[in-house]
Amino acid sequence: MEIDPSLIKGLTIGLGAIGPAIGIGLIGAAVVGAVGRNPEIQGKILATAFIMIGLVDAVLAFVLLILFTTG
Amino acid sequence: MLVPYFAAEDTAPLAAEKLLNVGPIPFTNSMLFGILTAGFVLILFGLAARTSQAWPKSRLAFYIESFIDLVFGLMAESFGDRKKAARFFPLLLSLFVFILVANLSGLLPGVGSITLNAGGEETSLLRAFTTDLNSTLAMAVLSLAIVHIYALRELGLVGRFRHYFSGNLLNPVNIMIGINELFGEVLRLVTLSLRLFGVIYGGEALLHAISALAGNFAWAAALPIMFLEIFFSLVQAYLFMMLTATYLVTAVSHEGDSKSPASQPAAGSA
């Protein structure tokens with residue numbers, strides 16, 4: 001059976017984006033909750049949140065890497 | 001196909017291209033631009049250090065000093081000890097600044113688009129240092145080697161061994177946990193290098209793809225992606241520095257006579 005390569009590319013980015021999207025959503029919800037509870041340490045919370053976003057984002061970067069480097 | 005004619009040819013190949021041979025070692029375009037980046041950072045900080053005074057008259061020195069103070073505050077917070085932070089600060093700051101400048105240098109005009117004829121095929125002259133897996137792997141190896149050397153010096157061979165295989169060694173569970181920890185060490189190397197490379201290279205490929213899709217309106221469509229790239233460059237450079245600092249904190253601290261047991265689980269979780 002012949003499969004269109006562009007279908008596979010679409011599935012790669014579509015399925016691969018689900019995990020990071022959920023992860024960043026969870027981080028965002030947690031940050032909003034934490035800042036709401038104690039707004040005086042907002043800077044500290046945001047710094048940690050950016051680290052976590054960077055860690056989660058790497059998964060999406062790997063997906064993009066596979067997407068753009070395979071023919 | 002409705003793809004513009006320049007769609008696929010723009011994206012840089014995965015491996016850095018060879019410019020010339022220096023003896024048996026190939027000299028690639030990312031190495032060239034990495035040296036230029038390092039020179040730029042050195043000159044910038046050298047100028048700032050020369051004009052640095054107790055009451056800074058120079059604007060450059062003032063900005064660089066406040067930036068260094070900001071980063072040092074962060075480090076002192078994560079080490080929990082200003083003296084210990086000052087000991088590792090030069091390594092961490094130079095990692096941060098160099099990675100940041102190397103990431104941002106990929107967005108400069110002319111990087112990748114200036115080509116020359118090297119050995120019969122057209123290769124781009126410049127390529128951002130962190131879009132090459134070799135260079136990010138080299139940086140990860142350097143920082144992890146320093147972590148291990150300092151840990152060995154601080155804890156000794158037995159202490160380092162007990163760091164992985166703790167508790168009663170007749171219990172097979174403790175041995176399995178130790179083996180798991182050792183795998184984690186190898187995995188750190190892979191994730192530290194591949195994360196930086198993947199984000200920066202993927203971002204540049206995304207930039208090329210978006211500008212190819214937008215056709216005549218590439219200047220408008222690429223602008224938000226540029227801002228995204230600047231943000232990711234900052235986050236990734238910060239992340240590399242913070243992860244190295246966290247590894248240093250967990251490796252160097254004494255677990256047996258821990259003075260601050262509360263800080264231990266928080267540092268180990270990242």
# chains A, B, ... in the order shown; residues from 1 in each chain; ligands from 1
$ select_by_dssp --residues "region 32-85 of chain B" --states "alpha helix (DSSP H)" --output "number ranges by chain"
B: 32-50, 59-79, 82-85
$ write_last_selection --atoms "C-alpha atoms" --output "PDB file, in the first residue's frame"
ATOM      1  CA  LEU B  32      34.364  29.372  11.754  1.00  0.00           C
ATOM      2  CA  PHE B  33      31.334  31.226  13.064  1.00  0.00           C
ATOM      3  CA  GLY B  34      31.842  29.757  16.541  1.00  0.00           C
ATOM      4  CA  ILE B  35      35.328  31.246  16.662  1.00  0.00           C
ATOM      5  CA  LEU B  36      33.947  34.594  15.479  1.00  0.00           C
ATOM      6  CA  THR B  37      31.232  34.431  18.165  1.00  0.00           C
ATOM      7  CA  ALA B  38      33.753  33.627  20.886  1.00  0.00           C
ATOM      8  CA  GLY B  39      35.942  36.500  19.706  1.00  0.00           C
ATOM      9  CA  PHE B  40      32.998  38.891  19.807  1.00  0.00           C
ATOM     10  CA  VAL B  41      32.081  37.852  23.374  1.00  0.00           C
ATOM     11  CA  LEU B  42      35.712  38.136  24.499  1.00  0.00           C
ATOM     12  CA  ILE B  43      36.120  41.612  23.013  1.00  0.00           C
ATOM     13  CA  LEU B  44      32.816  42.790  24.506  1.00  0.00           C
ATOM     14  CA  PHE B  45      33.690  41.608  28.009  1.00  0.00           C
ATOM     15  CA  GLY B  46      37.294  42.739  27.671  1.00  0.00           C
ATOM     16  CA  LEU B  47      36.177  46.271  26.814  1.00  0.00           C
ATOM     17  CA  ALA B  48      33.767  46.241  29.738  1.00  0.00           C
ATOM     18  CA  ALA B  49      36.443  44.958  32.126  1.00  0.00           C
ATOM     19  CA  ARG B  50      38.943  47.624  31.014  1.00  0.00           C
ATOM     20  CA  ARG B  59      27.765  52.863  29.736  1.00  0.00           C
ATOM     21  CA  LEU B  60      28.866  49.453  28.401  1.00  0.00           C
ATOM     22  CA  ALA B  61      30.619  48.582  31.658  1.00  0.00           C
ATOM     23  CA  PHE B  62      27.536  49.592  33.616  1.00  0.00           C
ATOM     24  CA  TYR B  63      25.201  47.373  31.573  1.00  0.00           C
ATOM     25  CA  ILE B  64      27.528  44.384  31.626  1.00  0.00           C
ATOM     26  CA  GLU B  65      28.074  44.742  35.369  1.00  0.00           C
ATOM     27  CA  SER B  66      24.376  44.890  36.133  1.00  0.00           C
ATOM     28  CA  PHE B  67      23.791  41.867  33.901  1.00  0.00           C
ATOM     29  CA  ILE B  68      26.527  39.915  35.703  1.00  0.00           C
ATOM     30  CA  ASP B  69      25.075  40.941  39.060  1.00  0.00           C
ATOM     31  CA  LEU B  70      21.651  39.695  37.976  1.00  0.00           C
ATOM     32  CA  VAL B  71      23.026  36.297  36.915  1.00  0.00           C
ATOM     33  CA  PHE B  72      25.118  36.054  40.076  1.00  0.00           C
ATOM     34  CA  GLY B  73      22.017  36.646  42.183  1.00  0.00           C
ATOM     35  CA  LEU B  74      20.308  33.757  40.414  1.00  0.00           C
ATOM     36  CA  MET B  75      23.305  31.483  40.933  1.00  0.00           C
ATOM     37  CA  ALA B  76      23.695  32.408  44.599  1.00  0.00           C
ATOM     38  CA  GLU B  77      20.047  31.545  45.062  1.00  0.00           C
ATOM     39  CA  SER B  78      20.329  28.126  43.431  1.00  0.00           C
ATOM     40  CA  PHE B  79      23.609  27.229  45.204  1.00  0.00           C
ATOM     41  CA  ARG B  82      27.564  32.933  47.807  1.00  0.00           C
ATOM     42  CA  LYS B  83      31.091  31.552  48.182  1.00  0.00           C
ATOM     43  CA  LYS B  84      30.284  28.318  46.395  1.00  0.00           C
ATOM     44  CA  ALA B  85      28.426  30.208  43.675  1.00  0.00           C
TER      45      ALA B  85
END
$ interface_residues --of "chain B" --to "chain A" --cutoff "8 Å" --atoms "only C-alpha atoms" --output "PyMOL selection string"
chain B and resi 13-14+195-196+198-199+201-203+205-206+232+235-236+238-239
$ atom_distance --atom1 "CA of Asn21 (chain B)" --atom2 "CA of Ser105 (chain B)"
24.4 Å
$ residues_around --residues "Val31 (chain A)" --least-positions-apart "4" --cutoff "9 Å" --atoms "only C-alpha atoms" --output "list in words"
Leu26, Ile27, Val35, Gly36, Gln42, Ile45, Leu46 and Ala49 of chain A
$ write_last_selection --atoms "N, CA and C atoms" --output "short mmCIF file (atom, residue, chain, number, x, y, z; two decimals), in the first residue's frame"
data_model
loop_
_atom_site.label_atom_id
_atom_site.label_comp_id
_atom_site.auth_asym_id
_atom_site.auth_seq_id
_atom_site.Cartn_x
_atom_site.Cartn_y
_atom_site.Cartn_z
N LEU A 26 -0.50 22.68 31.42
CA LEU A 26 -0.43 22.35 32.85
C LEU A 26 0.48 23.33 33.58
N ILE A 27 1.64 23.66 32.94
CA ILE A 27 2.57 24.61 33.57
C ILE A 27 1.88 25.95 33.75
N VAL A 35 0.86 32.08 41.43
CA VAL A 35 0.96 33.54 41.53
C VAL A 35 -0.27 34.09 42.25
N GLY A 36 -1.42 33.48 42.02
CA GLY A 36 -2.62 33.91 42.72
C GLY A 36 -2.51 33.70 44.22
N GLN A 42 6.37 36.38 42.62
CA GLN A 42 6.02 36.16 41.21
C GLN A 42 7.26 35.94 40.34
N ILE A 45 8.66 32.41 40.70
CA ILE A 45 7.77 31.41 40.09
C ILE A 45 7.92 31.45 38.58
N LEU A 46 7.97 32.67 38.02
CA LEU A 46 8.07 32.79 36.56
C LEU A 46 9.40 32.23 36.06
N ALA A 49 9.06 28.63 35.97
CA ALA A 49 8.12 28.25 34.92
C ALA A 49 8.79 28.27 33.56
#
$ residues_around --residues "region 123-125 of chain B" --least-positions-apart "2" --cutoff "10 Å" --atoms "only C-alpha atoms" --output "JSON, numbers by chain"
{"B": [12, 16, 17, 18, 19, 28, 29, 30, 32, 33, 110, 111, 112, 113, 114, 115, 116, 117, 118, 119, 120, 121, 127]}
$ residues_around --residues "Gly167 (chain B)" --least-positions-apart "3" --cutoff "12 Å" --atoms "only C-alpha atoms" --output "PyMOL selection string"
chain B and resi 161-164+170-178+255-256
$ atom_distance --atom1 "CA of Leu133 (chain B)" --atom2 "CA of Met31 (chain B)"
11.6 Å
$ select_by_dssp --residues "region 66-118 of chain B" --states "strand (DSSP E)" --output "PDB file with C-alpha atoms, in the first residue's frame"
ATOM      1  CA  THR B 115      27.829  31.045   0.019  1.00  0.00           C
ATOM      2  CA  LEU B 116      31.169  30.197  -1.430  1.00  0.00           C
ATOM      3  CA  ASN B 117      32.586  27.490  -3.614  1.00  0.00           C
ATOM      4  CA  ALA B 118      34.447  24.979  -1.434  1.00  0.00           C
TER       5      ALA B 118
END
